[in-house]
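A short write-up of the structure that comes next.
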Amino acid sequence: MTAFLILLLLVALALGVSWIAGLRGSWLVLTASALLLGAAGYAVQGRPGLAGAPRAGTVPEPPISLVIPRNAFLGQFSGRSNWLIISDSYAARGETRDAVGILQAATRQHPRDYALWLGLGNALTDHAQGLTPAARLAFARSAELAPTSPAPGYFLGLAKLRSGDPEGALTDWNKVLAEAPANASWRSFVEDGVAMLEGARGAR
Amino acid sequence: MIAEAGLAALWLAAALALAQLLLAVVPALRGGGMAAARSLALAQGLLAMIAFAALIALFVRTDTSVALVAANSHSAKPLLYKFAGTWGNHEGSMLLWVTVLALSGAALALFERRVGTRMLVASLAAQAALGLGFYVFLLIASNPFARIDPAPTEGNGLNPLLQDPGLAFHPPTLYIGYVGLSVAFSLAVGALITREVGPALARAMRPWVLASWVFLTLGITAGSYWAYYELGWGGWWFWDPVENASLMPWLAATALLHSINVLAARGGLRNWTMMLAVVAFSMSMVGTFLVRSGILTSVHSFAVDPTRGSFILALLAVYVGGALALFALRAGTVREGARFALVSREGALVLNNLLLSVILGTVLIGTLYPLFAEGLTGAKLSIGPPYFNAVAGPVFLALGVALMVGPLLRWRRHAAPLGQWVAPAALVSLSVLAISLLIARDMSLLSRLGLAVGAGLVPASLMPLVGRSLRRTPIATWGMAIAHLGVAVSLIGMASDSAFTRETLAIAKPGDRLTVGPWLVEFKAIDPVAGPNWTAIEAELRATRGGGVKVLRPQSRTFTNPPTDTNESAIATAWNGQLYTVLGQARGDGWQLRLWWKPFVTLIWFGGGLMGLGGLLALFGRLWRGRRGQEEAE
């Protein structure tokens, strides 16, 4: 109904402009006839009952919360956790680019802190909604700085999983698990992840 | 509802275009005269503008119930690219085309006072006929407001290569140029129908052609710079069919512009002017057909979507064929203009037209030949710089030499000796030629001659200002001198770039040092970064030359929607050229780096800007003079 009202308004507008421009009498009638023809065309082709569907940008939640496993791998109250917490708060508001920016600043100040590079890899994955070469570079730098830490391998696998590459994630996590001490506090995260992916593989 | 409002406005505008055409064609309706034609043109322009504004609103809101938005936008895109994405696709760009066409018609109806009512009504009818064809094309074959139900939850996104500020300005600028030529075409058709080909027509046509020429010049210049920095190949002109599609109308418009001046000032070159007005708009249509039919990808892609391609081809045949038939019928009745000697300003302008026409023919053949060859034999051919440079290059140089002399000649007949006027240009050209032979023996002949002609053209362009009181010199004469200077400056930039560019390709890692031309480039670091809808790997390069230091940050970007990788070049501009850097993929423990040193390459676009400025001055000067003349007459 609204669409036909708009059509009527447009016809009135066109006639009004024509009248103001000096069109009178039979020429105004001719214009009205032409507009009627146009309106008929719209009536045939238009879909006045179909509502619009505007979309606002949305940030999908990560499939697995990153804060708990990150604390398990890195510890909760380290000197660098402030940067990570600020970045998390930006990401939670959907401001993923600023979340990346915070950690870029952090890595510039502390270029040899593997945890910050790890956080940057996660933030870039959040921002791109998947693993990109930029995030890969951040994870690789984290692994270079802490070759014995399981965290870069675990979070790289997680990023692969979020990008729709469960096989890649499984390979990375199996590797982490193979080198994991039996009593490591974070071991359960990796085991749960591997079990979930192997279960999904079996179901496929 | 916005989509429905846009579609309704488009239908109503199409109906008014039909009424406007009938007004001039049907004998019983001819009594409507100017008031009816004017009001219909105004209302049509308004409705077309509403339709286009509706499409912009749909893109800004990412309304995925509209098929076009769903296919070409994404909610996460920055606002500028949502806005510019409106014309970054087939349907949107055609709607922009028809909107500019309708607004041009409205402006013609509103402001044109120099030609008679009969001719103006006929011209507006021709403009309406052009518009009508494109409205029908949009509504039947390319509906920008087509809906989808159910609407997808998200759009596909815009091609990342098009996510650049250049896109926001380049296509509309070119379209204004193309469509402005439609007014020249319509005025020519109106004049042929009413048999009123004369100086009044030229004076009416001139501002439109000048404005079109300025927009085309700036659009092509901006497009060339966009391709240069965005595509990451360091080239500024590829003789690509899409580029040629914009160059061909520009060549025809340049010839038309010069012919119009002869017709307005001396009443001569009437048939040339009529023919060029038809050809200039035809080239816009050919360009539109080439770009929008899909035929450029392959002749076979034309067969995949034959509706659109066939439609534009049919429009091309009807409009251009009709106009040429009209020209053939009426050419004999067009009164002969004032006669002139071979050595005269008119003679030089005829030579200018001939040379531009040869270049136009060369570009047209080179652009269309691969399509014919593929259609006939199935073989895929590519015609590129070797053909175009070899065939069109020498003609461009001949045009440059003619440009040194032409503006110095007098109207009708030039009898005075020219030596003292031409000597400085000849001296500069010969000196540059000699110096290039001494210090750059490996230059190609075309580059060497281009540099010599361009250098000589600098003083030659300014020669028409010598001996005049500069304050009393008409603004249009300043415009001519500056536009010709722009040609010279561009020519020097082109020749210098092709002769002196230096390139270094390497696999490098942080800490490595490379040299290119006079620059020492140190690879300082490589880091991940993020932008509004992309992430990237960014290199930090520190380039030094003498005491100066430039920091460059080329990027290898990854866009998410749609997933695409692009290379963002980083460019450092110095007074004598540009250092151009591109970061490629990781290779082993290093990264691909491409470095170019391009001496004086910036002159290419600076010259383009000067040409545009010259055109603007000429336009302003003509309008101001016309207004002053009108006031004095009153």
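FYI, nothing fancy with the structure tokens labels: chains A, B, ... in order, residues from 1 per chain, ligands from 1 as they appear.
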
Between chain B and chain A, at 8 Å or less, what are the per-residue closest atom pairs and their distances in Å? Count only C-alpha atoms, order by chain and rising residue number, and return it as CSV.
```
residue,atom,partner,partner_atom,distance
B:Met1,CA,A:Ala3,CA,6.1
B:Ile2,CA,A:Gly52,CA,7.5
B:Ala3,CA,A:Gly52,CA,7.6
B:Glu4,CA,A:Ala3,CA,6.1
B:Ala5,CA,A:Ile6,CA,6.2
B:Leu7,CA,A:Tyr42,CA,6.9
B:Ala8,CA,A:Tyr42,CA,5.5
B:Ala9,CA,A:Leu10,CA,6.8
B:Trp11,CA,A:Gly38,CA,4.8
B:Leu12,CA,A:Gly38,CA,4.5
B:Ala13,CA,A:Gly38,CA,7.6
B:Ala14,CA,A:Gly38,CA,6.9
B:Ala15,CA,A:Gly38,CA,5.0
B:Leu16,CA,A:Ala34,CA,6.0
B:Leu18,CA,A:Ala34,CA,7.6
B:Ala19,CA,A:Ala34,CA,6.1
B:Gly32,CA,A:Trp27,CA,6.7
B:Ala35,CA,A:Gly22,CA,5.9
B:Ala36,CA,A:Leu23,CA,5.7
B:Arg38,CA,A:Ala21,CA,7.2
B:Ser39,CA,A:Ser18,CA,4.6
B:Leu40,CA,A:Ser18,CA,6.4
B:Leu42,CA,A:Val17,CA,7.3
B:Ala43,CA,A:Ala14,CA,5.2
B:Gln44,CA,A:Ala14,CA,7.7
B:Leu46,CA,A:Ala14,CA,7.9
B:Leu47,CA,A:Ala14,CA,7.4
B:Leu58,CA,A:Pro54,CA,7.8
B:Arg61,CA,A:Pro54,CA,5.2
B:Thr62,CA,A:Pro54,CA,5.2
B:Asp63,CA,A:Pro54,CA,3.9
B:Thr64,CA,A:Ala53,CA,5.6
B:Ser65,CA,A:Ala53,CA,5.3
B:Val66,CA,A:Gly52,CA,7.9
B:Ser75,CA,A:Gly57,CA,4.7
B:Ala76,CA,A:Gly57,CA,4.9
B:Arg147,CA,A:Arg47,CA,7.6
B:Asp149,CA,A:Leu50,CA,7.8
B:Ala151,CA,A:Ala53,CA,6.7
B:Thr153,CA,A:Arg55,CA,7.4
B:Glu154,CA,A:Arg55,CA,7.0
B:Asp527,CA,A:Leu137,CA,7.6
B:Pro528,CA,A:Ala134,CA,4.7
B:Val529,CA,A:Ala134,CA,6.9
B:Ala530,CA,A:Arg97,CA,6.3
B:Gly531,CA,A:Arg97,CA,6.7
B:Pro532,CA,A:Arg97,CA,6.6
B:Asn533,CA,A:Ala128,CA,7.2
B:Trp534,CA,A:Ala128,CA,6.5
B:Thr535,CA,A:Ala134,CA,6.1
B:Ala536,CA,A:Ala134,CA,5.3
B:Ile537,CA,A:Ala134,CA,5.2
B:Thr558,CA,A:Thr132,CA,6.8
B:Phe559,CA,A:Ala128,CA,7.8
B:Thr560,CA,A:Ala128,CA,6.0
```

_All helix (DSSP H, G or I) positions in segment 65-201 of chain A, as number ranges by chain_ = A: 67-74, 81-92, 96-109, 114-128, 133-145, 151-162, 166-178, 187-201

*Quick one: distance from atom CA of Ile383 of chain B to atom CA of Ile359 of chain B in Å, one decimal?*
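Those two atoms sit 15.4 Å apart.
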
List as a PDB file with N, CA, C and O atoms, in the first residue's frame the protein and nucleic acid residues near segment 174-187 of chain A, meaning an atom at most 8 Å away when only C-alpha atoms are counted, but skip any in the same chain fewer than 4 places from it.
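Output (around_4.pdb):
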```pdb
ATOM      1  N   PRO A  69      40.885 -20.201  27.733  1.00  0.00           N
ATOM      2  CA  PRO A  69      42.071 -20.958  27.327  1.00  0.00           C
ATOM      3  C   PRO A  69      43.343 -20.098  27.323  1.00  0.00           C
ATOM      4  O   PRO A  69      44.420 -20.593  27.660  1.00  0.00           O
ATOM      5  N   ALA A  72      44.612 -19.975  30.681  1.00  0.00           N
ATOM      6  CA  ALA A  72      45.176 -21.284  31.037  1.00  0.00           C
ATOM      7  C   ALA A  72      46.584 -21.437  30.452  1.00  0.00           C
ATOM      8  O   ALA A  72      47.481 -21.968  31.099  1.00  0.00           O
ATOM      9  N   PHE A  73      46.777 -20.957  29.242  1.00  0.00           N
ATOM     10  CA  PHE A  73      48.091 -21.119  28.594  1.00  0.00           C
ATOM     11  C   PHE A  73      49.099 -20.076  29.076  1.00  0.00           C
ATOM     12  O   PHE A  73      50.272 -20.381  29.224  1.00  0.00           O
ATOM     13  N   PRO A 150      53.331 -24.160  24.090  1.00  0.00           N
ATOM     14  CA  PRO A 150      52.271 -24.813  23.322  1.00  0.00           C
ATOM     15  C   PRO A 150      51.230 -23.804  22.794  1.00  0.00           C
ATOM     16  O   PRO A 150      50.449 -24.118  21.910  1.00  0.00           O
ATOM     17  N   GLY A 153      50.841 -22.846  18.888  1.00  0.00           N
ATOM     18  CA  GLY A 153      50.291 -23.972  18.110  1.00  0.00           C
ATOM     19  C   GLY A 153      48.805 -24.161  18.382  1.00  0.00           C
ATOM     20  O   GLY A 153      48.009 -24.392  17.468  1.00  0.00           O
ATOM     21  N   TYR A 154      48.438 -24.014  19.670  1.00  0.00           N
ATOM     22  CA  TYR A 154      47.030 -24.218  20.018  1.00  0.00           C
ATOM     23  C   TYR A 154      46.149 -23.148  19.366  1.00  0.00           C
ATOM     24  O   TYR A 154      45.123 -23.440  18.740  1.00  0.00           O
ATOM     25  N   LEU A 170      43.179 -29.981  13.698  1.00  0.00           N
ATOM     26  CA  LEU A 170      43.448 -31.279  14.340  1.00  0.00           C
ATOM     27  C   LEU A 170      44.941 -31.600  14.285  1.00  0.00           C
ATOM     28  O   LEU A 170      45.533 -32.071  15.268  1.00  0.00           O
ATOM     29  N   GLU A 191      42.831 -31.582  24.689  1.00  0.00           N
ATOM     30  CA  GLU A 191      42.204 -32.910  24.587  1.00  0.00           C
ATOM     31  C   GLU A 191      40.731 -32.788  24.184  1.00  0.00           C
ATOM     32  O   GLU A 191      40.254 -33.523  23.321  1.00  0.00           O
ATOM     33  N   VAL A 194      40.553 -31.877  20.498  1.00  0.00           N
ATOM     34  CA  VAL A 194      40.867 -33.016  19.630  1.00  0.00           C
ATOM     35  C   VAL A 194      39.698 -34.001  19.604  1.00  0.00           C
ATOM     36  O   VAL A 194      39.290 -34.492  18.540  1.00  0.00           O
TER      37      VAL A 194
END
```

*Just the residues within 7 Å of Trp83 of chain A, please, counting only C-alpha atoms, with nothing from its chain fewer than 6 positions along; format it as a ChimeraX atom specification.*
/A:102-103,106

*Work out how far apart atom CA of Leu445 of chain B and atom CA of Gly493 of chain B are and give it in Å to one decimal.*
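About the pair atom CA of Leu445 of chain B and atom CA of Gly493 of chain B: they are 15.6 Å apart.
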
_Give me the residues near Glu230 of chain B as a PyMOL selection string, where near means some atom within 12 Å (using only C-alpha atoms) and where sequence neighbours in that chain fewer than 3 positions away do not count._
chain B and resi 160-167+222-227+233-236+554-557+566-571+580-582

Please write the residues from the selection above to a file, keeping C-alpha atoms, as a PDB file, in the first residue's frame.
```
ATOM      1  CA  PRO B 160      38.390  -5.055  -3.410  1.00  0.00           C
ATOM      2  CA  LEU B 161      40.185  -3.497  -6.386  1.00  0.00           C
ATOM      3  CA  LEU B 162      37.260  -1.107  -6.587  1.00  0.00           C
ATOM      4  CA  GLN B 163      37.484  -0.258  -2.873  1.00  0.00           C
ATOM      5  CA  ASP B 164      39.545   2.815  -3.455  1.00  0.00           C
ATOM      6  CA  PRO B 165      38.721   6.520  -3.181  1.00  0.00           C
ATOM      7  CA  GLY B 166      39.510   6.774  -6.909  1.00  0.00           C
ATOM      8  CA  LEU B 167      36.411   4.705  -7.658  1.00  0.00           C
ATOM      9  CA  ALA B 222      42.400   9.996 -12.696  1.00  0.00           C
ATOM     10  CA  GLY B 223      41.716   6.501 -14.097  1.00  0.00           C
ATOM     11  CA  SER B 224      45.274   6.240 -15.351  1.00  0.00           C
ATOM     12  CA  TYR B 225      46.673   7.208 -11.936  1.00  0.00           C
ATOM     13  CA  TRP B 226      44.247   4.827 -10.194  1.00  0.00           C
ATOM     14  CA  ALA B 227      45.397   1.925 -12.381  1.00  0.00           C
ATOM     15  CA  TRP B 233      52.285  -3.122 -12.033  1.00  0.00           C
ATOM     16  CA  GLY B 234      53.763   0.342 -12.239  1.00  0.00           C
ATOM     17  CA  GLY B 235      52.126   1.015 -15.600  1.00  0.00           C
ATOM     18  CA  TRP B 236      49.952   4.039 -16.311  1.00  0.00           C
ATOM     19  CA  PRO B 554      53.666  -1.364   0.707  1.00  0.00           C
ATOM     20  CA  GLN B 555      51.070  -3.928   1.733  1.00  0.00           C
ATOM     21  CA  SER B 556      49.842  -7.324   0.679  1.00  0.00           C
ATOM     22  CA  ARG B 557      46.170  -7.138   1.658  1.00  0.00           C
ATOM     23  CA  THR B 566      45.570  -7.401  -3.486  1.00  0.00           C
ATOM     24  CA  ASN B 567      48.895  -5.606  -3.517  1.00  0.00           C
ATOM     25  CA  GLU B 568      48.830  -2.024  -2.320  1.00  0.00           C
ATOM     26  CA  SER B 569      51.792  -0.173  -3.717  1.00  0.00           C
ATOM     27  CA  ALA B 570      53.617   2.488  -1.698  1.00  0.00           C
ATOM     28  CA  ILE B 571      54.893   5.459  -3.649  1.00  0.00           C
ATOM     29  CA  TYR B 580      57.229   2.838  -6.593  1.00  0.00           C
ATOM     30  CA  THR B 581      57.306  -0.232  -4.331  1.00  0.00           C
ATOM     31  CA  VAL B 582      55.190  -3.376  -4.229  1.00  0.00           C
TER      32      VAL B 582
END
```

*Go ahead and compute the interatomic distance for atom CA of Leu138 of chain B and atom CA of Val98 of chain B, in Å to one decimal.*
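Result for atom CA of Leu138 of chain B versus atom CA of Val98 of chain B: 9.0 Å, one decimal.
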
*asked:* Neighbouring residues of segment 238-252 of chain B were defined as those with any atom within 8 Å, considering only C-alpha atoms; residues of the same chain fewer than 5 positions away were excluded. Please report them as a list in words.
replied: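 Near segment 238-252 of chain B, the qualifying residues are Leu174, Tyr178, Trp213, Leu216, Thr217, Ile220, Leu276, Val279, Ala280, Phe281, Ser282, Met283, Ser284, Val286, Gly287, Thr288, Leu290, Val291, Leu296, Leu356, Ser357, Ile359, Leu360, Val363, Leu364, Thr367, Gly384, Pro385 and Phe388 of chain B.
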
Keeping C-alpha atoms for every residue in the selection just given, could you write it to a file as a CSV table (one decimal), in the first residue's frame?
```csv
chain,number,residue,atom,x,y,z
B,174,LEU,CA,33.9,9.8,-17.2
B,178,TYR,CA,30.3,10.7,-22.1
B,213,TRP,CA,36.1,17.3,-22.7
B,216,LEU,CA,36.8,13.1,-19.9
B,217,THR,CA,40.3,14.5,-19.6
B,220,ILE,CA,41.0,9.5,-18.0
B,276,LEU,CA,32.3,14.7,-35.3
B,279,VAL,CA,31.1,10.2,-34.0
B,280,ALA,CA,32.0,11.5,-30.5
B,281,PHE,CA,28.8,10.3,-29.0
B,282,SER,CA,29.0,7.1,-31.1
B,283,MET,CA,32.3,6.4,-29.5
B,284,SER,CA,30.7,6.9,-26.0
B,286,VAL,CA,30.8,1.9,-28.4
B,287,GLY,CA,32.7,2.3,-25.2
B,288,THR,CA,29.5,1.5,-23.2
B,290,LEU,CA,32.3,-2.8,-25.0
B,291,VAL,CA,32.4,-2.4,-21.3
B,296,LEU,CA,35.5,-7.9,-23.6
B,356,LEU,CA,43.0,12.8,-34.5
B,357,SER,CA,40.6,10.8,-36.7
B,359,ILE,CA,44.5,7.9,-34.2
B,360,LEU,CA,40.8,7.2,-33.4
B,363,VAL,CA,42.6,2.6,-31.6
B,364,LEU,CA,39.1,1.5,-32.8
B,367,THR,CA,40.3,-2.6,-29.9
B,384,GLY,CA,48.7,-4.4,-26.9
B,385,PRO,CA,51.3,-1.7,-26.8
B,388,PHE,CA,49.3,0.9,-30.6
```
